[in-house]
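Q: What follows is coords22.cif; its format and atoms are mmCIF, N, CA and C atoms.
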```cif
data_entry
#
loop_
_atom_site.label_atom_id
_atom_site.label_comp_id
_atom_site.auth_asym_id
_atom_site.auth_seq_id
_atom_site.Cartn_x
_atom_site.Cartn_y
_atom_site.Cartn_z
N MET A 1 -17.55 -6.26 -37.87
CA MET A 1 -16.84 -7.46 -37.52
C MET A 1 -17.12 -7.77 -36.06
N VAL A 2 -17.34 -9.02 -35.78
CA VAL A 2 -17.56 -9.48 -34.42
C VAL A 2 -16.55 -10.58 -34.14
N ALA A 3 -15.78 -10.39 -33.08
CA ALA A 3 -14.73 -11.36 -32.74
C ALA A 3 -15.27 -12.45 -31.84
N ASP A 4 -14.70 -13.62 -31.97
CA ASP A 4 -14.99 -14.73 -31.09
C ASP A 4 -14.08 -14.60 -29.87
N THR A 5 -14.59 -14.01 -28.82
CA THR A 5 -13.75 -13.71 -27.66
C THR A 5 -13.45 -14.93 -26.79
N LYS A 6 -14.10 -16.04 -27.04
CA LYS A 6 -13.86 -17.23 -26.23
C LYS A 6 -12.45 -17.78 -26.41
N ASN A 7 -11.86 -17.56 -27.56
CA ASN A 7 -10.55 -18.14 -27.84
C ASN A 7 -9.40 -17.16 -27.71
N LEU A 8 -9.69 -15.97 -27.23
CA LEU A 8 -8.65 -14.96 -27.10
C LEU A 8 -8.03 -15.00 -25.71
N PRO A 9 -6.71 -14.77 -25.62
CA PRO A 9 -6.10 -14.70 -24.29
C PRO A 9 -6.51 -13.41 -23.58
N ALA A 10 -6.37 -13.42 -22.28
CA ALA A 10 -6.69 -12.21 -21.51
C ALA A 10 -5.72 -11.10 -21.90
N ALA A 11 -6.20 -9.87 -21.86
CA ALA A 11 -5.33 -8.73 -22.16
C ALA A 11 -4.24 -8.61 -21.10
N ALA A 12 -3.07 -8.23 -21.53
CA ALA A 12 -1.95 -8.09 -20.61
C ALA A 12 -2.11 -6.83 -19.76
N GLU A 13 -1.61 -6.89 -18.56
CA GLU A 13 -1.60 -5.75 -17.66
C GLU A 13 -0.42 -4.84 -18.02
N ILE A 14 -0.47 -3.59 -17.60
CA ILE A 14 0.60 -2.63 -17.87
C ILE A 14 1.95 -3.20 -17.46
N ALA A 15 2.02 -3.78 -16.28
CA ALA A 15 3.30 -4.28 -15.76
C ALA A 15 3.85 -5.43 -16.60
N ASP A 16 2.97 -6.16 -17.30
CA ASP A 16 3.43 -7.27 -18.14
C ASP A 16 4.25 -6.78 -19.32
N TRP A 17 3.91 -5.61 -19.82
CA TRP A 17 4.64 -5.07 -20.97
C TRP A 17 5.93 -4.40 -20.53
N ALA A 18 5.92 -3.74 -19.40
CA ALA A 18 7.10 -3.15 -18.78
C ALA A 18 8.02 -2.41 -19.74
N GLY A 19 7.46 -1.59 -20.57
CA GLY A 19 8.27 -0.72 -21.40
C GLY A 19 9.07 -1.37 -22.50
N GLN A 20 8.66 -2.52 -22.95
CA GLN A 20 9.38 -3.20 -24.02
C GLN A 20 9.30 -2.39 -25.30
N ALA A 21 10.41 -2.31 -26.02
CA ALA A 21 10.41 -1.62 -27.31
C ALA A 21 9.38 -2.27 -28.22
N GLY A 22 8.64 -1.43 -28.91
CA GLY A 22 7.59 -1.91 -29.81
C GLY A 22 6.22 -1.96 -29.18
N THR A 23 6.14 -1.73 -27.88
CA THR A 23 4.84 -1.71 -27.21
C THR A 23 4.44 -0.25 -26.95
N ARG A 24 3.16 -0.06 -26.73
CA ARG A 24 2.66 1.29 -26.46
C ARG A 24 3.09 1.71 -25.06
N ALA A 25 3.53 2.95 -24.93
CA ALA A 25 3.88 3.48 -23.62
C ALA A 25 2.63 3.46 -22.74
N PRO A 26 2.77 3.14 -21.46
CA PRO A 26 1.60 3.02 -20.61
C PRO A 26 0.83 4.33 -20.43
N HIS A 27 -0.47 4.20 -20.34
CA HIS A 27 -1.33 5.35 -20.10
C HIS A 27 -1.72 5.36 -18.63
N ILE A 28 -1.33 6.43 -17.96
CA ILE A 28 -1.72 6.65 -16.57
C ILE A 28 -1.94 8.15 -16.39
N PHE A 29 -2.60 8.51 -15.31
CA PHE A 29 -2.72 9.91 -14.96
C PHE A 29 -1.62 10.23 -13.95
N LEU A 30 -0.97 11.38 -14.13
CA LEU A 30 0.14 11.78 -13.28
C LEU A 30 0.14 13.28 -13.10
N THR A 31 1.03 13.77 -12.28
CA THR A 31 1.16 15.21 -12.07
C THR A 31 2.52 15.65 -12.59
N TYR A 32 2.50 16.65 -13.47
CA TYR A 32 3.73 17.18 -14.06
C TYR A 32 3.60 18.68 -14.17
N GLN A 33 4.59 19.39 -13.64
CA GLN A 33 4.58 20.85 -13.63
C GLN A 33 3.29 21.39 -13.04
N ASN A 34 2.89 20.81 -11.91
CA ASN A 34 1.70 21.20 -11.13
C ASN A 34 0.39 21.00 -11.87
N ASN A 35 0.38 20.18 -12.91
CA ASN A 35 -0.85 19.87 -13.64
C ASN A 35 -1.09 18.38 -13.65
N THR A 36 -2.33 17.99 -13.43
CA THR A 36 -2.69 16.59 -13.59
C THR A 36 -2.96 16.36 -15.06
N LEU A 37 -2.28 15.37 -15.62
CA LEU A 37 -2.46 15.09 -17.03
C LEU A 37 -2.25 13.62 -17.32
N SER A 38 -2.55 13.25 -18.52
CA SER A 38 -2.35 11.89 -18.98
C SER A 38 -0.89 11.72 -19.40
N SER A 39 -0.35 10.55 -19.19
CA SER A 39 1.01 10.30 -19.67
C SER A 39 1.10 10.51 -21.18
N LEU A 40 0.00 10.35 -21.88
CA LEU A 40 -0.02 10.56 -23.34
C LEU A 40 0.29 12.00 -23.71
N ASP A 41 0.08 12.92 -22.77
CA ASP A 41 0.37 14.33 -23.03
C ASP A 41 1.87 14.63 -23.01
N LEU A 42 2.69 13.68 -22.59
CA LEU A 42 4.13 13.90 -22.54
C LEU A 42 4.80 13.72 -23.90
N TRP A 43 4.11 13.11 -24.84
CA TRP A 43 4.65 12.93 -26.19
C TRP A 43 3.57 13.22 -27.20
N GLY A 44 3.94 13.23 -28.47
CA GLY A 44 2.92 13.48 -29.48
C GLY A 44 3.43 14.09 -30.76
N SER A 45 4.45 14.94 -30.71
CA SER A 45 4.91 15.57 -31.95
C SER A 45 6.38 15.28 -32.24
N GLU A 46 7.06 14.66 -31.29
CA GLU A 46 8.48 14.37 -31.49
C GLU A 46 8.90 13.25 -30.53
N PHE A 47 10.10 12.73 -30.74
CA PHE A 47 10.63 11.73 -29.82
C PHE A 47 10.83 12.40 -28.46
N VAL A 48 10.63 11.61 -27.40
CA VAL A 48 10.80 12.11 -26.04
C VAL A 48 11.56 11.08 -25.23
N LEU A 49 12.58 11.54 -24.51
CA LEU A 49 13.31 10.66 -23.61
C LEU A 49 12.84 10.95 -22.19
N LEU A 50 12.39 9.90 -21.50
CA LEU A 50 11.96 10.01 -20.11
C LEU A 50 13.05 9.41 -19.22
N SER A 51 13.49 10.15 -18.24
CA SER A 51 14.51 9.63 -17.33
C SER A 51 14.64 10.55 -16.12
N PRO A 52 15.04 9.99 -14.98
CA PRO A 52 15.38 10.83 -13.84
C PRO A 52 16.88 11.15 -13.78
N ALA A 53 17.66 10.51 -14.65
CA ALA A 53 19.12 10.64 -14.59
C ALA A 53 19.60 11.83 -15.42
N ASP A 54 20.30 12.74 -14.78
CA ASP A 54 20.79 13.94 -15.47
C ASP A 54 21.65 13.60 -16.68
N GLU A 55 22.51 12.58 -16.58
CA GLU A 55 23.37 12.24 -17.71
C GLU A 55 22.55 11.77 -18.92
N CYS A 56 21.44 11.11 -18.68
CA CYS A 56 20.56 10.69 -19.78
C CYS A 56 19.88 11.90 -20.41
N LEU A 57 19.39 12.78 -19.57
CA LEU A 57 18.69 13.96 -20.07
C LEU A 57 19.62 14.86 -20.88
N VAL A 58 20.83 15.04 -20.40
CA VAL A 58 21.81 15.88 -21.10
C VAL A 58 22.17 15.26 -22.45
N GLN A 59 22.43 13.95 -22.47
CA GLN A 59 22.79 13.28 -23.72
C GLN A 59 21.66 13.45 -24.75
N ALA A 60 20.43 13.28 -24.33
CA ALA A 60 19.29 13.43 -25.25
C ALA A 60 19.19 14.87 -25.75
N GLN A 61 19.36 15.82 -24.86
CA GLN A 61 19.28 17.23 -25.25
C GLN A 61 20.38 17.59 -26.25
N LEU A 62 21.57 17.03 -26.08
CA LEU A 62 22.67 17.27 -27.03
C LEU A 62 22.32 16.75 -28.43
N LEU A 63 21.47 15.73 -28.47
CA LEU A 63 21.05 15.17 -29.75
C LEU A 63 19.76 15.82 -30.28
N GLY A 64 19.27 16.83 -29.57
CA GLY A 64 18.07 17.53 -30.00
C GLY A 64 16.78 16.82 -29.69
N ILE A 65 16.82 15.90 -28.72
CA ILE A 65 15.63 15.13 -28.34
C ILE A 65 14.96 15.80 -27.15
N LYS A 66 13.65 15.94 -27.22
CA LYS A 66 12.87 16.48 -26.10
C LYS A 66 13.04 15.55 -24.91
N THR A 67 13.11 16.12 -23.71
CA THR A 67 13.26 15.32 -22.50
C THR A 67 12.19 15.64 -21.48
N VAL A 68 11.90 14.65 -20.65
CA VAL A 68 11.05 14.84 -19.48
C VAL A 68 11.82 14.29 -18.30
N ASP A 69 12.12 15.18 -17.36
CA ASP A 69 12.83 14.79 -16.14
C ASP A 69 11.82 14.14 -15.20
N ILE A 70 11.96 12.86 -15.04
CA ILE A 70 11.01 12.09 -14.24
C ILE A 70 11.02 12.51 -12.77
N LYS A 71 12.10 13.15 -12.33
CA LYS A 71 12.12 13.66 -10.95
C LYS A 71 11.05 14.73 -10.74
N GLU A 72 10.56 15.33 -11.83
CA GLU A 72 9.53 16.36 -11.75
C GLU A 72 8.12 15.82 -11.96
N VAL A 73 8.00 14.51 -12.10
CA VAL A 73 6.72 13.86 -12.35
C VAL A 73 6.29 13.08 -11.12
N ASP A 74 5.05 13.28 -10.70
CA ASP A 74 4.49 12.49 -9.60
C ASP A 74 3.63 11.39 -10.19
N PHE A 75 4.11 10.16 -10.05
CA PHE A 75 3.35 9.00 -10.52
C PHE A 75 2.40 8.54 -9.42
N PRO A 76 1.32 7.87 -9.78
CA PRO A 76 0.43 7.31 -8.75
C PRO A 76 1.23 6.33 -7.87
N GLN A 77 0.83 6.18 -6.62
CA GLN A 77 1.57 5.33 -5.68
C GLN A 77 1.78 3.91 -6.21
N GLN A 78 0.81 3.36 -6.89
CA GLN A 78 0.91 1.97 -7.32
C GLN A 78 1.79 1.78 -8.56
N HIS A 79 2.22 2.88 -9.19
CA HIS A 79 3.03 2.79 -10.40
C HIS A 79 4.24 3.71 -10.30
N SER A 80 5.41 3.14 -10.32
CA SER A 80 6.61 3.98 -10.37
C SER A 80 7.10 4.01 -11.81
N PHE A 81 7.93 4.97 -12.13
CA PHE A 81 8.53 5.05 -13.46
C PHE A 81 9.24 3.74 -13.79
N ALA A 82 10.07 3.27 -12.86
CA ALA A 82 10.85 2.05 -13.09
C ALA A 82 9.95 0.84 -13.35
N THR A 83 8.89 0.71 -12.60
CA THR A 83 7.97 -0.43 -12.77
C THR A 83 7.21 -0.34 -14.08
N LEU A 84 6.67 0.83 -14.37
CA LEU A 84 5.89 1.00 -15.60
C LEU A 84 6.70 0.77 -16.86
N PHE A 85 7.96 1.22 -16.84
CA PHE A 85 8.76 1.17 -18.04
C PHE A 85 9.84 0.08 -18.02
N GLY A 86 9.87 -0.73 -16.98
CA GLY A 86 10.76 -1.87 -16.93
C GLY A 86 12.24 -1.53 -16.92
N VAL A 87 12.59 -0.43 -16.25
CA VAL A 87 13.99 -0.02 -16.16
C VAL A 87 14.37 0.15 -14.69
N GLN A 88 15.66 0.31 -14.43
CA GLN A 88 16.10 0.61 -13.08
C GLN A 88 15.73 2.06 -12.76
N GLU A 89 15.86 2.44 -11.52
CA GLU A 89 15.46 3.78 -11.09
C GLU A 89 16.16 4.90 -11.86
N ASN A 90 17.36 4.64 -12.39
CA ASN A 90 18.08 5.68 -13.15
C ASN A 90 18.13 5.35 -14.65
N GLY A 91 17.19 4.55 -15.10
CA GLY A 91 17.13 4.19 -16.52
C GLY A 91 16.46 5.26 -17.35
N ALA A 92 16.25 4.93 -18.62
CA ALA A 92 15.63 5.88 -19.55
C ALA A 92 14.80 5.13 -20.57
N VAL A 93 13.80 5.83 -21.11
CA VAL A 93 12.94 5.27 -22.14
C VAL A 93 12.76 6.33 -23.23
N LEU A 94 12.92 5.90 -24.47
CA LEU A 94 12.70 6.78 -25.62
C LEU A 94 11.35 6.42 -26.22
N VAL A 95 10.45 7.41 -26.28
CA VAL A 95 9.10 7.19 -26.80
C VAL A 95 8.97 7.91 -28.13
N ARG A 96 8.45 7.19 -29.13
CA ARG A 96 8.21 7.79 -30.45
C ARG A 96 7.03 8.74 -30.37
N PRO A 97 6.87 9.60 -31.37
CA PRO A 97 5.73 10.54 -31.37
C PRO A 97 4.36 9.85 -31.31
N ASP A 98 4.27 8.62 -31.82
CA ASP A 98 2.99 7.90 -31.79
C ASP A 98 2.76 7.14 -30.50
N GLY A 99 3.63 7.32 -29.51
CA GLY A 99 3.44 6.69 -28.21
C GLY A 99 3.98 5.29 -28.09
N ILE A 100 4.68 4.81 -29.11
CA ILE A 100 5.30 3.49 -29.06
C ILE A 100 6.71 3.63 -28.49
N ILE A 101 7.08 2.72 -27.63
CA ILE A 101 8.42 2.77 -27.04
C ILE A 101 9.43 2.33 -28.09
N ALA A 102 10.39 3.21 -28.35
CA ALA A 102 11.41 2.94 -29.36
C ALA A 102 12.61 2.22 -28.76
N TRP A 103 12.92 2.53 -27.49
CA TRP A 103 14.15 2.01 -26.88
C TRP A 103 14.10 2.25 -25.40
N GLN A 104 14.78 1.42 -24.66
CA GLN A 104 14.93 1.65 -23.23
C GLN A 104 16.36 1.29 -22.83
N CYS A 105 16.86 1.96 -21.84
CA CYS A 105 18.15 1.55 -21.26
C CYS A 105 17.91 1.34 -19.78
N GLN A 106 18.43 0.25 -19.29
CA GLN A 106 18.18 -0.14 -17.91
C GLN A 106 18.74 0.85 -16.89
N ASN A 107 19.89 1.44 -17.21
CA ASN A 107 20.48 2.40 -16.29
C ASN A 107 21.23 3.46 -17.08
N SER A 108 21.64 4.49 -16.40
CA SER A 108 22.22 5.65 -17.07
C SER A 108 23.53 5.34 -17.80
N SER A 109 24.22 4.28 -17.41
CA SER A 109 25.47 3.96 -18.09
C SER A 109 25.25 3.52 -19.53
N GLN A 110 24.04 3.10 -19.88
CA GLN A 110 23.74 2.64 -21.23
C GLN A 110 23.31 3.77 -22.17
N ILE A 111 23.23 4.98 -21.67
CA ILE A 111 22.75 6.10 -22.49
C ILE A 111 23.71 6.41 -23.63
N VAL A 112 24.93 5.96 -23.55
CA VAL A 112 25.90 6.21 -24.63
C VAL A 112 25.42 5.62 -25.95
N GLY A 113 24.51 4.66 -25.90
CA GLY A 113 23.98 4.06 -27.12
C GLY A 113 22.86 4.84 -27.77
N LEU A 114 22.44 5.94 -27.18
CA LEU A 114 21.29 6.69 -27.69
C LEU A 114 21.51 7.23 -29.10
N GLU A 115 22.67 7.78 -29.38
CA GLU A 115 22.91 8.35 -30.70
C GLU A 115 22.81 7.28 -31.78
N LYS A 116 23.36 6.11 -31.52
CA LYS A 116 23.29 5.00 -32.48
C LYS A 116 21.83 4.57 -32.69
N VAL A 117 21.08 4.53 -31.61
CA VAL A 117 19.67 4.14 -31.69
C VAL A 117 18.88 5.13 -32.55
N ILE A 118 19.08 6.42 -32.30
CA ILE A 118 18.36 7.44 -33.07
C ILE A 118 18.74 7.34 -34.55
N THR A 119 20.01 7.12 -34.82
CA THR A 119 20.46 6.98 -36.20
C THR A 119 19.77 5.80 -36.86
N GLN A 120 19.68 4.68 -36.17
CA GLN A 120 19.02 3.50 -36.74
C GLN A 120 17.53 3.73 -36.93
N ILE A 121 16.88 4.33 -35.95
CA ILE A 121 15.44 4.57 -36.05
C ILE A 121 15.11 5.48 -37.22
N LEU A 122 15.90 6.51 -37.39
CA LEU A 122 15.64 7.48 -38.45
C LEU A 122 16.30 7.10 -39.77
N ALA A 123 16.91 5.91 -39.79
CA ALA A 123 17.56 5.37 -41.00
C ALA A 123 18.60 6.32 -41.56
N LYS A 124 19.39 6.89 -40.68
CA LYS A 124 20.47 7.80 -41.11
C LYS A 124 21.78 7.03 -41.04
N TYR A 125 21.97 6.09 -41.91
CA TYR A 125 23.18 5.27 -41.90
C TYR A 125 24.28 6.08 -42.43
#
```
Reformat the file's structure so that it appears as structure tokens.
A:
Amino acid sequence: MVADTKNLPAAAEIADWAGQAGTRAPHIFLTYQNNTLSSLDLWGSEFVLLSPADECLVQAQLLGIKTVDIKEVDFPQQHSFATLFGVQENGAVLVRPDGIIAWQCQNSSQIVGLEKVITQILAKY
């Protein structure tokens, strides 16, 4: 198949997507636990909640969700967690195993909705 690229819009930049649910989590290289790795290495076999806020991390852990404490991640200078994922500095993002963003909360006060979100995603009504 060969596409007619003349009529296609330009591809969106990472910042344009800003962590919207249903979009792919951004791919960047970062440092985590003294290793340089791809952001894709942070997920893959289970849901993962990314956040710098302790209350978000604890709530996710209580629900059995893998967590990544963003305070332990060094992002490239041009990309902060908040900018890449479209949340406030103390927000959180839930990433599905396939790298698609399932949910985001702008700040830690919204983490109370995580259990309801997981129930809806996993169809456990």
Q: Residues near Ala53 (chain A), anyone? I mean within 6.5 Å using all atoms listed in the file, not counting same-chain ones fewer than 2 positions away, as a PyMOL selection string.
A: chain A and resi 51+55-58+70+89-91+108
Q: Please write the residues picked by the PyMOL selection byres (((chain A and resi 32 and name CA) around 9) and name CA) on this file as a PDB file with N, CA and C atoms, keeping the file's coordinate frame.
A:
```pdb
ATOM      1  N   LEU A  30      -0.970  11.380 -14.130  1.00  0.00           N
ATOM      2  CA  LEU A  30       0.140  11.780 -13.280  1.00  0.00           C
ATOM      3  C   LEU A  30       0.140  13.280 -13.100  1.00  0.00           C
ATOM      4  N   THR A  31       1.030  13.770 -12.280  1.00  0.00           N
ATOM      5  CA  THR A  31       1.160  15.210 -12.070  1.00  0.00           C
ATOM      6  C   THR A  31       2.520  15.650 -12.590  1.00  0.00           C
ATOM      7  N   GLN A  33       4.590  19.390 -13.640  1.00  0.00           N
ATOM      8  CA  GLN A  33       4.580  20.850 -13.630  1.00  0.00           C
ATOM      9  C   GLN A  33       3.290  21.390 -13.040  1.00  0.00           C
ATOM     10  N   ASN A  34       2.890  20.810 -11.910  1.00  0.00           N
ATOM     11  CA  ASN A  34       1.700  21.200 -11.130  1.00  0.00           C
ATOM     12  C   ASN A  34       0.390  21.000 -11.870  1.00  0.00           C
ATOM     13  N   ASN A  35       0.380  20.180 -12.910  1.00  0.00           N
ATOM     14  CA  ASN A  35      -0.850  19.870 -13.640  1.00  0.00           C
ATOM     15  C   ASN A  35      -1.090  18.380 -13.650  1.00  0.00           C
ATOM     16  N   THR A  36      -2.330  17.990 -13.430  1.00  0.00           N
ATOM     17  CA  THR A  36      -2.690  16.590 -13.590  1.00  0.00           C
ATOM     18  C   THR A  36      -2.960  16.360 -15.060  1.00  0.00           C
ATOM     19  N   LEU A  37      -2.280  15.370 -15.620  1.00  0.00           N
ATOM     20  CA  LEU A  37      -2.460  15.090 -17.030  1.00  0.00           C
ATOM     21  C   LEU A  37      -2.250  13.620 -17.320  1.00  0.00           C
ATOM     22  N   ILE A  70      11.960  12.860 -15.040  1.00  0.00           N
ATOM     23  CA  ILE A  70      11.010  12.090 -14.240  1.00  0.00           C
ATOM     24  C   ILE A  70      11.020  12.510 -12.770  1.00  0.00           C
ATOM     25  N   GLU A  72      10.560  15.330 -11.830  1.00  0.00           N
ATOM     26  CA  GLU A  72       9.530  16.360 -11.750  1.00  0.00           C
ATOM     27  C   GLU A  72       8.120  15.820 -11.960  1.00  0.00           C
ATOM     28  N   VAL A  73       8.000  14.510 -12.100  1.00  0.00           N
ATOM     29  CA  VAL A  73       6.720  13.860 -12.350  1.00  0.00           C
ATOM     30  C   VAL A  73       6.290  13.080 -11.120  1.00  0.00           C
ATOM     31  N   ASP A  74       5.050  13.280 -10.700  1.00  0.00           N
ATOM     32  CA  ASP A  74       4.490  12.490  -9.600  1.00  0.00           C
ATOM     33  C   ASP A  74       3.630  11.390 -10.190  1.00  0.00           C
ATOM     34  N   PHE A  75       4.110  10.160 -10.050  1.00  0.00           N
ATOM     35  CA  PHE A  75       3.350   9.000 -10.520  1.00  0.00           C
ATOM     36  C   PHE A  75       2.400   8.540  -9.420  1.00  0.00           C
TER      37      PHE A  75
END
```
Q: Report the residues retrieved by the PyMOL selection byres (((chain A and resi 114 and name CA) around 9) and name CA) from the displayed file, expressed as a list in words.
A: Cys56, Gln59, Ala60, Leu63, Leu94, Trp103, Cys105, Gln110, Ile111, Val112, Gly113, Glu115, Lys116, Val117, Ile118 and Thr119 of chain A
Q: Quick check on the file I pasted: which residues fall under the PyMOL selection byres (((chain A and resi 38 and name CA) around 6) and name CA)? Write them as a list in words.
A: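 Selection result, ordered by chain and number: Ile28, Phe29, Leu37, Ser39, Leu40 and Asp41 of chain A.
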Q: Go ahead and save the picked residues with N, CA and C atoms, as a PDB file, in the frame of the given file.
A:
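Now in part-v1.pdb:
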```
ATOM      1  N   ILE A  28      -1.330   6.430 -17.960  1.00  0.00           N
ATOM      2  CA  ILE A  28      -1.720   6.650 -16.570  1.00  0.00           C
ATOM      3  C   ILE A  28      -1.940   8.150 -16.390  1.00  0.00           C
ATOM      4  N   PHE A  29      -2.600   8.510 -15.310  1.00  0.00           N
ATOM      5  CA  PHE A  29      -2.720   9.910 -14.960  1.00  0.00           C
ATOM      6  C   PHE A  29      -1.620  10.230 -13.950  1.00  0.00           C
ATOM      7  N   LEU A  37      -2.280  15.370 -15.620  1.00  0.00           N
ATOM      8  CA  LEU A  37      -2.460  15.090 -17.030  1.00  0.00           C
ATOM      9  C   LEU A  37      -2.250  13.620 -17.320  1.00  0.00           C
ATOM     10  N   SER A  39      -0.350  10.550 -19.190  1.00  0.00           N
ATOM     11  CA  SER A  39       1.010  10.300 -19.670  1.00  0.00           C
ATOM     12  C   SER A  39       1.100  10.510 -21.180  1.00  0.00           C
ATOM     13  N   LEU A  40       0.000  10.350 -21.880  1.00  0.00           N
ATOM     14  CA  LEU A  40      -0.020  10.560 -23.340  1.00  0.00           C
ATOM     15  C   LEU A  40       0.290  12.000 -23.710  1.00  0.00           C
ATOM     16  N   ASP A  41       0.080  12.920 -22.770  1.00  0.00           N
ATOM     17  CA  ASP A  41       0.370  14.330 -23.030  1.00  0.00           C
ATOM     18  C   ASP A  41       1.870  14.630 -23.010  1.00  0.00           C
TER      19      ASP A  41
END
```
Q: Find, counting all atoms listed in the file, the residue in A:Gln20, A:Gln120, A:Ser45, A:Asn7 that gets nearest to Ala102 (chain A).
A: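 The closest residue to Ala102 (chain A) is A:Gln20.
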Q: Could you check how far CA of Phe81 (chain A) sits from atom C of Arg24 (chain A), in Å to one decimal?
A: 13.2 Å
Q: In Å, how far is it from CA of His79 (chain A) to CA of Asp54 (chain A)?
A: 21.6 Å
Q: Determine the nearest neighbour of Ala18 (chain A) from the options A:Ala123, A:Val95, A:Leu84, A:Ile100, counting all atoms listed in the file.
A: A:Leu84
Q: Could you tell me, as a list of chain:residue names, which residues have any atom at most 5 Å from (13.9, 9.5, -22.0), counting all atoms listed in the file?
A: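 Selection result: A:Val48, A:Leu49, A:Leu50, A:Ser51, A:Ala92, A:Val93, A:Leu94.
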Q: Output N, CA and C atoms for every residue in that selection, as an mmCIF file, in the frame of the given file.
A:
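Output file part-v4.cif is given in full below:
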```cif
data_model
loop_
_atom_site.group_PDB
_atom_site.id
_atom_site.type_symbol
_atom_site.label_atom_id
_atom_site.label_comp_id
_atom_site.auth_asym_id
_atom_site.auth_seq_id
_atom_site.Cartn_x
_atom_site.Cartn_y
_atom_site.Cartn_z
ATOM 1 N N VAL A 48 10.630 11.610 -27.400
ATOM 2 C CA VAL A 48 10.800 12.110 -26.040
ATOM 3 C C VAL A 48 11.560 11.080 -25.230
ATOM 4 N N LEU A 49 12.580 11.540 -24.510
ATOM 5 C CA LEU A 49 13.310 10.660 -23.610
ATOM 6 C C LEU A 49 12.840 10.950 -22.190
ATOM 7 N N LEU A 50 12.390 9.900 -21.500
ATOM 8 C CA LEU A 50 11.960 10.010 -20.110
ATOM 9 C C LEU A 50 13.050 9.410 -19.220
ATOM 10 N N SER A 51 13.490 10.150 -18.240
ATOM 11 C CA SER A 51 14.510 9.630 -17.330
ATOM 12 C C SER A 51 14.640 10.550 -16.120
ATOM 13 N N ALA A 92 16.250 4.930 -18.620
ATOM 14 C CA ALA A 92 15.630 5.880 -19.550
ATOM 15 C C ALA A 92 14.800 5.130 -20.570
ATOM 16 N N VAL A 93 13.800 5.830 -21.110
ATOM 17 C CA VAL A 93 12.940 5.270 -22.140
ATOM 18 C C VAL A 93 12.760 6.330 -23.230
ATOM 19 N N LEU A 94 12.920 5.900 -24.470
ATOM 20 C CA LEU A 94 12.700 6.780 -25.620
ATOM 21 C C LEU A 94 11.350 6.420 -26.220
#
```
Q: Hey, can you check how far CA of Val87 (chain A) sits from CA of Asn107 (chain A)?
A: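 Taking CA of Val87 (chain A) as the start and CA of Asn107 (chain A) as the end point, the length is 6.9 Å.
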Q: Could you pull out the strand (DSSP E or B) residues of chain A from DSSP and send them as a ChimeraX atom specification?
A: /A:24,29-32,35-38,48-51,66-69,73-74,92-95,100-105
Q: Which protein, DNA or RNA residues are at most 6 Å from (12.3, 13.5, -32.0) in the file's coordinates when you count all atoms listed in the file, listed as a PyMOL selection string?
A: chain A and resi 46-48+65-66
Q: Quick one: what's the axis-aligned box for region 58-70 of chain A, all listed atoms, 3 Å on every side, centre and edges in Å to one decimal, as JSON?
A:
```
{"center_x": 16.9, "center_y": 14.8, "center_z": -21.5, "size_x": 17.8, "size_y": 11.5, "size_z": 23.5}
```
Q: Would you please give, as a PDB file with N, CA and C atoms, in the coordinates of the input, all residues of region 29-65 of chain A that DSSP assigns to helix (DSSP H, G or I) based on the backbone?
A:
```pdb
ATOM      1  N   SER A  39      -0.350  10.550 -19.190  1.00  0.00           N
ATOM      2  CA  SER A  39       1.010  10.300 -19.670  1.00  0.00           C
ATOM      3  C   SER A  39       1.100  10.510 -21.180  1.00  0.00           C
ATOM      4  N   LEU A  40       0.000  10.350 -21.880  1.00  0.00           N
ATOM      5  CA  LEU A  40      -0.020  10.560 -23.340  1.00  0.00           C
ATOM      6  C   LEU A  40       0.290  12.000 -23.710  1.00  0.00           C
ATOM      7  N   ASP A  41       0.080  12.920 -22.770  1.00  0.00           N
ATOM      8  CA  ASP A  41       0.370  14.330 -23.030  1.00  0.00           C
ATOM      9  C   ASP A  41       1.870  14.630 -23.010  1.00  0.00           C
ATOM     10  N   LEU A  42       2.690  13.680 -22.590  1.00  0.00           N
ATOM     11  CA  LEU A  42       4.130  13.900 -22.540  1.00  0.00           C
ATOM     12  C   LEU A  42       4.800  13.720 -23.900  1.00  0.00           C
ATOM     13  N   ASP A  54      20.300  12.740 -14.780  1.00  0.00           N
ATOM     14  CA  ASP A  54      20.790  13.940 -15.470  1.00  0.00           C
ATOM     15  C   ASP A  54      21.650  13.600 -16.680  1.00  0.00           C
ATOM     16  N   GLU A  55      22.510  12.580 -16.580  1.00  0.00           N
ATOM     17  CA  GLU A  55      23.370  12.240 -17.710  1.00  0.00           C
ATOM     18  C   GLU A  55      22.550  11.770 -18.920  1.00  0.00           C
ATOM     19  N   CYS A  56      21.440  11.110 -18.680  1.00  0.00           N
ATOM     20  CA  CYS A  56      20.560  10.690 -19.780  1.00  0.00           C
ATOM     21  C   CYS A  56      19.880  11.900 -20.410  1.00  0.00           C
ATOM     22  N   LEU A  57      19.390  12.780 -19.570  1.00  0.00           N
ATOM     23  CA  LEU A  57      18.690  13.960 -20.070  1.00  0.00           C
ATOM     24  C   LEU A  57      19.620  14.860 -20.880  1.00  0.00           C
ATOM     25  N   VAL A  58      20.830  15.040 -20.400  1.00  0.00           N
ATOM     26  CA  VAL A  58      21.810  15.880 -21.100  1.00  0.00           C
ATOM     27  C   VAL A  58      22.170  15.260 -22.450  1.00  0.00           C
ATOM     28  N   GLN A  59      22.430  13.950 -22.470  1.00  0.00           N
ATOM     29  CA  GLN A  59      22.790  13.280 -23.720  1.00  0.00           C
ATOM     30  C   GLN A  59      21.660  13.450 -24.750  1.00  0.00           C
ATOM     31  N   ALA A  60      20.430  13.280 -24.330  1.00  0.00           N
ATOM     32  CA  ALA A  60      19.290  13.430 -25.250  1.00  0.00           C
ATOM     33  C   ALA A  60      19.190  14.870 -25.750  1.00  0.00           C
ATOM     34  N   GLN A  61      19.360  15.820 -24.860  1.00  0.00           N
ATOM     35  CA  GLN A  61      19.280  17.230 -25.250  1.00  0.00           C
ATOM     36  C   GLN A  61      20.380  17.590 -26.250  1.00  0.00           C
ATOM     37  N   LEU A  62      21.570  17.030 -26.080  1.00  0.00           N
ATOM     38  CA  LEU A  62      22.670  17.270 -27.030  1.00  0.00           C
ATOM     39  C   LEU A  62      22.320  16.750 -28.430  1.00  0.00           C
TER      40      LEU A  62
END
```
